[in-house]
>>> print(open('run-v3.cif').read())   # mmCIF, C-alpha atoms and all ligand atoms
data_coords
#
loop_
_atom_site.label_atom_id
_atom_site.label_comp_id
_atom_site.auth_asym_id
_atom_site.auth_seq_id
_atom_site.Cartn_x
_atom_site.Cartn_y
_atom_site.Cartn_z
CA MET A 740 112.35 121.64 230.27
CA LYS A 741 110.80 123.87 232.89
CA PHE A 742 108.34 122.28 235.32
CA THR A 743 106.36 123.14 238.45
CA LYS A 744 105.67 120.76 241.30
CA MET A 745 102.19 121.31 242.77
CA HIS A 746 99.78 119.49 245.03
CA GLY A 747 96.13 119.38 246.05
CA CYS A 748 95.71 117.87 249.53
CA GLY A 749 99.10 116.16 249.13
CA ASN A 750 98.19 114.54 245.79
CA ASP A 751 101.29 115.81 243.98
CA TYR A 752 102.09 116.08 240.30
CA VAL A 753 104.76 117.58 238.07
CA TYR A 754 103.15 120.19 235.78
CA VAL A 755 104.57 121.14 232.38
CA ASN A 756 103.34 124.14 230.40
CA CYS A 757 103.04 122.74 226.86
CA PHE A 758 102.32 126.20 225.44
CA VAL A 759 106.12 126.63 225.63
CA GLU A 760 107.58 123.16 226.25
CA GLN A 761 107.43 120.05 224.05
CA VAL A 762 107.04 116.57 225.56
CA ALA A 763 108.03 113.75 223.19
CA ASP A 764 107.08 110.73 225.32
CA ALA A 765 104.70 111.61 228.17
CA PRO A 766 104.30 108.07 229.63
CA TYR A 767 108.10 107.74 229.89
CA LEU A 768 108.51 111.24 231.33
CA SER A 769 105.81 110.52 233.91
CA ARG A 770 107.61 107.38 235.11
CA VAL A 771 110.93 109.28 235.31
CA VAL A 772 109.71 112.38 237.17
CA SER A 773 107.42 110.44 239.52
CA ASP A 774 110.19 108.28 240.97
CA ARG A 775 110.57 109.40 244.60
CA HIS A 776 114.24 108.32 244.78
CA PHE A 777 115.68 108.87 241.28
CA GLY A 778 113.25 111.51 239.99
CA ILE A 779 111.45 114.61 241.27
CA GLY A 780 108.93 112.55 243.25
CA SER A 781 105.23 112.74 242.41
CA ASP A 782 102.02 110.80 241.84
CA GLY A 783 102.35 111.50 238.10
CA LEU A 784 102.67 114.10 235.38
CA ILE A 785 100.19 116.73 234.16
CA LEU A 786 100.60 118.52 230.83
CA ILE A 787 98.82 121.85 230.32
CA LYS A 788 97.94 122.25 226.64
CA PRO A 789 95.80 124.36 224.32
CA SER A 790 92.22 123.23 223.64
CA GLU A 791 89.83 123.75 220.76
CA LYS A 792 86.74 123.60 222.97
CA ALA A 793 87.87 125.03 226.32
CA ASP A 794 90.37 127.56 227.69
CA PHE A 795 92.95 124.81 228.37
CA THR A 796 93.47 121.05 228.18
CA MET A 797 94.73 118.92 231.07
CA ASP A 798 96.53 115.75 229.92
CA MET A 799 97.14 113.55 232.99
CA TYR A 800 99.52 110.58 233.50
CA ASN A 801 99.82 108.29 236.51
CA ALA A 802 103.19 107.36 238.05
CA ASP A 803 103.26 104.12 235.99
CA GLY A 804 102.87 106.16 232.77
CA SER A 805 99.21 105.28 232.15
CA ASN A 806 96.94 108.06 230.91
CA SER A 807 93.73 108.89 232.83
CA GLN A 808 90.61 110.71 231.71
CA MET A 809 90.36 112.94 234.77
CA CYS A 810 92.13 114.16 237.91
CA GLY A 811 90.19 116.20 240.47
CA ASN A 812 93.15 117.45 242.50
CA GLY A 813 95.14 118.01 239.32
CA ILE A 814 92.53 120.16 237.63
CA ARG A 815 92.46 122.58 240.61
CA CYS A 816 96.25 122.93 240.32
CA VAL A 817 95.93 123.51 236.56
CA ALA A 818 93.59 126.43 237.41
CA LYS A 819 96.14 127.81 239.86
CA TYR A 820 98.98 127.40 237.36
CA VAL A 821 97.26 129.17 234.45
CA TYR A 822 96.17 132.09 236.64
CA ASP A 823 99.29 132.52 238.79
CA TYR A 824 101.65 132.22 235.78
CA GLY A 825 99.60 134.67 233.69
CA LEU A 826 98.20 132.32 231.02
CA THR A 827 94.79 133.81 231.82
CA ASP A 828 93.35 136.61 233.94
CA LYS A 829 89.90 134.98 234.09
CA LYS A 830 88.58 133.74 237.44
CA ASN A 831 86.08 131.39 235.77
CA ILE A 832 87.75 129.04 233.33
CA THR A 833 87.04 125.89 231.35
CA VAL A 834 89.42 122.94 231.16
CA GLU A 835 89.10 119.98 228.80
CA SER A 836 90.09 116.60 230.19
CA GLY A 837 89.52 113.19 228.63
CA GLY A 838 87.39 114.86 225.97
CA SER A 839 84.92 116.52 228.35
CA VAL A 840 84.91 120.14 229.52
CA LYS A 841 84.91 121.12 233.21
CA TYR A 842 83.95 124.53 234.65
CA LEU A 843 86.14 125.98 237.41
CA ASP A 844 85.74 128.96 239.76
CA LEU A 845 88.99 130.36 241.12
CA ASN A 846 89.26 131.86 244.58
CA VAL A 847 92.04 134.48 244.44
CA THR A 848 93.71 136.00 247.50
CA ASP A 849 96.51 138.60 247.19
CA GLY A 850 96.78 137.88 243.47
CA LYS A 851 97.20 134.09 243.83
CA VAL A 852 94.73 131.23 243.55
CA THR A 853 94.24 129.51 246.93
CA GLU A 854 91.11 127.43 246.41
CA VAL A 855 89.14 126.20 243.41
CA THR A 856 85.58 124.93 242.96
CA VAL A 857 85.11 122.51 240.08
CA ASN A 858 81.88 121.34 238.47
CA MET A 859 82.92 117.70 238.26
CA GLY A 860 79.92 116.68 236.16
CA THR A 861 77.46 113.82 236.44
CA PRO A 862 78.40 110.66 238.32
CA ILE A 863 78.03 107.60 236.08
CA THR A 864 76.75 104.30 237.49
CA LYS A 865 75.97 102.28 234.37
CA PRO A 866 78.38 99.31 234.65
CA GLY A 867 79.39 99.27 230.97
CA LEU A 868 80.39 102.94 231.12
CA ILE A 869 82.50 102.73 234.31
CA PRO A 870 83.60 100.05 233.20
CA VAL A 871 82.85 97.16 235.57
CA ILE A 872 81.60 93.76 234.50
CA SER A 873 78.21 93.14 236.10
CA ASP A 874 74.73 91.98 235.10
CA LYS A 875 73.16 94.53 237.50
CA LYS A 876 71.82 97.96 236.44
CA GLN A 877 74.06 99.59 239.04
CA VAL A 878 76.79 98.11 241.22
CA ILE A 879 75.69 99.18 244.72
CA ALA A 880 76.97 97.21 247.72
CA GLU A 881 77.73 94.18 245.57
CA PRO A 882 80.02 91.47 246.99
CA LEU A 883 83.55 91.05 245.65
CA LEU A 884 85.94 88.38 246.91
CA ILE A 885 89.47 89.72 247.46
CA ASP A 886 92.19 87.65 249.10
CA GLY A 887 89.65 85.37 250.84
CA ASN A 888 87.51 88.26 252.20
CA THR A 889 84.22 89.50 250.80
CA TYR A 890 83.99 93.30 250.34
CA GLU A 891 80.88 95.20 249.27
CA ILE A 892 81.69 97.54 246.40
CA THR A 893 79.76 100.48 244.95
CA CYS A 894 81.04 101.51 241.52
CA VAL A 895 80.95 105.06 240.16
CA SER A 896 82.72 106.78 237.27
CA MET A 897 83.65 110.45 237.49
CA GLY A 898 85.12 110.16 233.99
CA ASN A 899 87.49 107.57 235.50
CA PRO A 900 86.59 104.34 237.32
CA HIS A 901 86.11 104.04 241.10
CA ALA A 902 85.15 101.18 243.41
CA VAL A 903 84.05 102.40 246.85
CA VAL A 904 84.31 100.12 249.88
CA PHE A 905 82.89 100.98 253.33
CA VAL A 906 85.07 99.95 256.27
CA GLU A 907 85.00 100.30 260.06
CA ASP A 908 88.49 101.81 260.29
CA THR A 909 90.45 103.23 257.35
CA LYS A 910 93.75 102.99 259.29
CA ALA A 911 93.32 99.22 259.63
CA VAL A 912 93.08 98.68 255.84
CA GLU A 913 96.13 96.79 254.51
CA ILE A 914 96.07 98.98 251.43
CA GLU A 915 99.45 97.93 249.94
CA LYS A 916 98.25 94.32 250.03
CA ILE A 917 94.63 94.58 248.88
CA GLY A 918 94.77 97.79 246.79
CA PRO A 919 96.52 96.08 243.84
CA LEU A 920 94.08 93.14 244.05
CA PHE A 921 91.14 95.50 243.56
CA GLU A 922 92.98 97.48 240.87
CA HIS A 923 93.73 94.42 238.75
CA ASN A 924 90.58 92.38 239.48
CA GLU A 925 89.13 90.82 236.33
CA ILE A 926 85.77 92.63 236.76
CA PHE A 927 87.54 95.94 236.00
CA PRO A 928 88.63 95.78 232.33
CA GLU A 929 90.40 99.17 232.58
CA ARG A 930 91.60 98.57 236.19
CA THR A 931 90.10 100.72 238.94
CA ASN A 932 90.79 103.32 241.61
CA THR A 933 89.59 102.04 245.02
CA GLU A 934 88.37 104.19 247.93
CA PHE A 935 88.14 102.87 251.50
CA ILE A 936 85.55 104.93 253.37
CA HIS A 937 84.55 105.21 257.00
CA VAL A 938 81.39 107.23 257.55
CA ILE A 939 81.90 109.48 260.59
CA ASP A 940 78.47 111.12 260.44
CA ARG A 941 75.99 112.26 257.78
CA LYS A 942 78.25 115.17 256.79
CA THR A 943 81.75 113.75 257.26
CA ILE A 944 83.67 110.77 255.94
CA ASP A 945 87.24 109.49 256.23
CA MET A 946 88.88 108.22 253.05
CA ARG A 947 91.99 106.36 251.98
CA VAL A 948 92.60 105.65 248.34
CA TRP A 949 94.51 103.19 246.19
CA GLU A 950 94.89 104.86 242.82
CA ARG A 951 95.06 103.04 239.53
CA GLY A 952 98.60 103.49 238.22
CA SER A 953 99.99 105.35 241.25
CA GLY A 954 99.28 103.25 244.38
CA GLU A 955 98.28 104.86 247.66
CA THR A 956 98.10 108.65 247.39
CA LEU A 957 97.31 111.25 250.05
CA ALA A 958 94.12 112.33 248.27
CA CYS A 959 92.03 111.78 245.15
CA GLY A 960 89.51 114.40 243.99
CA THR A 961 87.54 112.19 241.61
CA GLY A 962 87.65 109.49 244.31
CA ALA A 963 86.20 111.89 246.90
CA CYS A 964 83.33 112.75 244.50
CA ALA A 965 82.68 109.09 243.66
CA SER A 966 82.75 108.20 247.37
CA VAL A 967 80.24 110.86 248.35
CA TYR A 968 77.92 109.73 245.57
CA ALA A 969 78.37 106.12 246.76
CA CYS A 970 77.49 107.28 250.31
CA ILE A 971 74.31 108.90 248.97
CA LEU A 972 73.38 105.78 246.94
CA ASN A 973 73.79 103.69 250.09
CA GLY A 974 71.83 106.19 252.24
CA TYR A 975 74.79 107.03 254.51
CA THR A 976 75.16 110.81 254.10
CA GLU A 977 73.49 114.04 253.12
CA ASP A 978 74.34 115.78 249.85
CA THR A 979 77.12 118.05 251.19
CA VAL A 980 80.00 116.17 252.78
CA THR A 981 83.48 116.96 254.10
CA VAL A 982 85.90 114.29 252.94
CA ARG A 983 88.88 113.88 255.29
CA LEU A 984 91.87 112.53 253.40
CA LEU A 985 95.42 111.74 254.52
CA GLY A 986 96.60 115.03 252.96
CA GLY A 987 93.73 117.41 253.80
CA GLU A 988 90.03 118.00 253.31
CA LEU A 989 87.74 118.42 250.32
CA LYS A 990 84.20 119.74 250.33
CA ILE A 991 81.95 117.74 248.01
CA GLN A 992 78.44 118.82 247.13
CA TYR A 993 75.91 116.82 245.12
CA ASP A 994 73.40 119.07 243.33
CA ARG A 995 70.28 116.90 242.94
CA GLU A 996 68.54 119.21 240.48
CA LYS A 997 71.48 119.32 238.09
CA HIS A 998 72.58 115.73 238.94
CA THR A 999 76.08 117.16 239.17
CA ILE A 1000 78.87 117.08 241.74
CA PHE A 1001 80.87 120.13 242.86
CA MET A 1002 84.28 119.83 244.52
CA THR A 1003 86.01 122.61 246.46
CA GLY A 1004 89.58 122.35 247.69
CA PRO A 1005 93.06 123.86 247.85
CA ALA A 1006 95.76 124.13 245.19
CA VAL A 1007 99.38 124.66 246.24
CA THR A 1008 102.64 125.37 244.37
CA VAL A 1009 105.63 123.60 245.90
CA PHE A 1010 108.52 124.73 243.66
CA ASP A 1011 109.63 125.44 240.08
CA GLY A 1012 112.52 123.61 238.48
CA GLU A 1013 114.26 122.59 235.30
CA LEU A 1014 114.81 119.06 233.95
CA ASN A 1015 117.36 117.55 231.54
CA VAL A 1016 115.28 114.53 230.46
CA ASN A 1017 112.81 114.18 227.60
N1 LIG A 1101 94.40 111.71 241.87
C1 LIG A 1101 93.44 111.97 240.87
C2 LIG A 1101 93.07 110.84 239.96
C3 LIG A 1101 94.25 110.45 239.06
C4 LIG A 1101 93.92 109.42 238.01
C5 LIG A 1101 93.60 108.05 238.54
N2 LIG A 1101 94.70 107.42 239.21
C6 LIG A 1101 93.13 107.17 237.37
O1 LIG A 1101 93.93 106.43 236.80
O2 LIG A 1101 91.97 107.27 237.01
C7 LIG A 1101 92.27 112.80 241.37
O3 LIG A 1101 92.52 113.69 242.21
O4 LIG A 1101 91.15 112.64 240.89
#
>>> encode(input="run-v3.cif", output="structure tokens")
Amino acid sequence: MKFTKMHGCGNDYVYVNCFVEQVADAPYLSRVVSDRHFGIGSDGLILIKPSEKADFTMDMYNADGSNSQMCGNGIRCVAKYVYDYGLTDKKNITVESGGSVKYLDLNVTDGKVTEVTVNMGTPITKPGLIPVISDKKQVIAEPLLIDGNTYEITCVSMGNPHAVVFVEDTKAVEIEKIGPLFEHNEIFPERTNTEFIHVIDRKTIDMRVWERGSGETLACGTGACASVYACILNGYTEDTVTVRLLGGELKIQYDREKHTIFMTGPAVTVFDGELNVN
């Protein structure tokens, strides 16, 4: 099976072109390829497939084999893959993920995609749709007790669930210890991704993320969008924000009129390879 390792701001996945390859057991394959010692090493697996309602489908798996509805960094790399490997010559494409269709604009330099802007859709704050268990209309700066400390969480879905926590210093967060406690907390019936945010100024934030199913990653595109929307809900930032992640920067823009979030960031190919497992 041929594969391509790609990353967006250091959030790395193994990509398989399912127009030519067949994957029998994607959760198993994701666990195998993601292993950083015995596998290729990645935050998960992304399958590129045909779609009946868009140009392509992205089918995304975390490192633990769980399937997610959406991946912001992954979808930019899917755009780069389909253009650079000749599956399309269009610079505006649609990609289906988790049943919804996203619109992507490809920035091409010297025949290769370098940067992609994605219409990430409408941020969802209704607790039942995130899902988070709460009797409030929205979960904005609500207390949550984790390991004896009370954190204020703001919950947003970008197709997948996010809990955003504002902190004084992202480097001081003991993410390996508390990340899993957020992820598996009983108020999140489908687990959650958790973003730890320090607001630098009204246009810039620092972010670390504990991803559902993958642990700490160097970046999370949906997490960056959810975090900027959480900043806006809490009155911390303007509508266009640079998100500084461990692996790079993303530009996130909230369009108030359309009630939609746009994400712009890089997409990088690391190497191509061939696998014996399936
Ligand atoms: N890294 C991704 C999100 C991947 C899925 C997430 N861990 C989940 O389970 O929802 C991104 O860039 O958005």
>>> closest_residue(input="run-v3.cif", among="A:Gly962, A:Pro1005, A:Gly974, A:Pro870", to="A:Gly987", atoms="only C-alpha atoms")
A:Pro1005
>>> residues_near_ligand(input="run-v3.cif", ligand="ligand LIG 1101 (chain A)", cutoff="6 Å", atoms="only C-alpha atoms and all ligand atoms", output="list in words")
Asn801, Ser807, Met809, Cys810, Gly811, Asn812, Gly813, Asn899, Glu950, Arg951, Gly952, Cys959, Gly960, Thr961 and Gly962 of chain A
>>> atom_distance(input="run-v3.cif", atom1="atom CA of A:Arg770", atom2="atom CA of A:Ala802")
5.3 Å
>>> closest_atom_pairs(input="run-v3.cif", of="stretch 786-897 of chain A", to="stretch 751-754 of chain A", cutoff="12 Å", atoms="all atoms listed in the file", output="JSON lines")
{"residue": "A:Leu786", "atom": "CA", "partner": "A:Tyr754", "partner_atom": "CA", "distance": 5.8}
{"residue": "A:Ile787", "atom": "CA", "partner": "A:Tyr754", "partner_atom": "CA", "distance": 7.2}
{"residue": "A:Lys788", "atom": "CA", "partner": "A:Tyr754", "partner_atom": "CA", "distance": 10.7}
{"residue": "A:Met797", "atom": "CA", "partner": "A:Tyr754", "partner_atom": "CA", "distance": 9.7}
{"residue": "A:Asp798", "atom": "CA", "partner": "A:Tyr754", "partner_atom": "CA", "distance": 9.9}
{"residue": "A:Met799", "atom": "CA", "partner": "A:Tyr752", "partner_atom": "CA", "distance": 9.2}
{"residue": "A:Tyr800", "atom": "CA", "partner": "A:Tyr752", "partner_atom": "CA", "distance": 9.1}
{"residue": "A:Asn801", "atom": "CA", "partner": "A:Tyr752", "partner_atom": "CA", "distance": 9.0}
{"residue": "A:Ala802", "atom": "CA", "partner": "A:Tyr752", "partner_atom": "CA", "distance": 9.1}
{"residue": "A:Cys810", "atom": "CA", "partner": "A:Tyr752", "partner_atom": "CA", "distance": 10.4}
{"residue": "A:Gly811", "atom": "CA", "partner": "A:Asp751", "partner_atom": "CA", "distance": 11.6}
{"residue": "A:Asn812", "atom": "CA", "partner": "A:Asp751", "partner_atom": "CA", "distance": 8.4}
{"residue": "A:Gly813", "atom": "CA", "partner": "A:Tyr752", "partner_atom": "CA", "distance": 7.3}
{"residue": "A:Ile814", "atom": "CA", "partner": "A:Tyr752", "partner_atom": "CA", "distance": 10.7}
{"residue": "A:Arg815", "atom": "CA", "partner": "A:Tyr752", "partner_atom": "CA", "distance": 11.6}
{"residue": "A:Cys816", "atom": "CA", "partner": "A:Tyr754", "partner_atom": "CA", "distance": 8.7}
{"residue": "A:Val817", "atom": "CA", "partner": "A:Tyr754", "partner_atom": "CA", "distance": 8.0}
{"residue": "A:Ala818", "atom": "CA", "partner": "A:Tyr754", "partner_atom": "CA", "distance": 11.5}
{"residue": "A:Lys819", "atom": "CA", "partner": "A:Tyr754", "partner_atom": "CA", "distance": 11.1}
{"residue": "A:Tyr820", "atom": "CA", "partner": "A:Tyr754", "partner_atom": "CA", "distance": 8.5}
{"residue": "A:Val821", "atom": "CA", "partner": "A:Tyr754", "partner_atom": "CA", "distance": 10.8}
>>> residues_near_point(input="run-v3.cif", point="(83.3, 107.2, 251.5)", cutoff="7 Å", atoms="all atoms listed in the file", output="NGL selection string")
:A and (903 or 905 or 934-938 or 944-946 or 966-967 or 969-970)
>>> residues_near_point(input="run-v3.cif", point="(84.5, 120.5, 235.0)", cutoff="6 Å", atoms="all atoms listed in the file", output="list in words")
Val840, Lys841, Tyr842, Val857, Asn858 and Met859 of chain A
>>> residues_around(input="run-v3.cif", residues="A:Thr889", least_positions_apart="5", cutoff="12 Å", atoms="only C-alpha atoms", output="list of chain:residue names")
A:Ala880, A:Glu881, A:Pro882, A:Leu883, A:Leu884, A:Val904, A:Phe905, A:Val906, A:Ile917, A:Phe921
>>> closest_residue(input="run-v3.cif", among="A:Leu868, A:Leu972, A:Ile785, A:Ala763", to="A:Phe742", atoms="only C-alpha atoms")
A:Ile785
>>> closest_residue(input="run-v3.cif", among="A:Thr856, A:Asn846, A:Asn756, A:Thr956", to="A:Asp782", atoms="only C-alpha atoms")
A:Thr956
>>> closest_residue(input="run-v3.cif", among="A:Glu955, A:Asp803, A:Glu854, A:Asp978", to="A:His998", atoms="only C-alpha atoms")
A:Asp978
>>> closest_residue(input="run-v3.cif", among="A:Asp764, A:Glu1013, A:Asp794, A:Asp886", to="A:Thr827", atoms="all atoms listed in the file")
A:Asp794
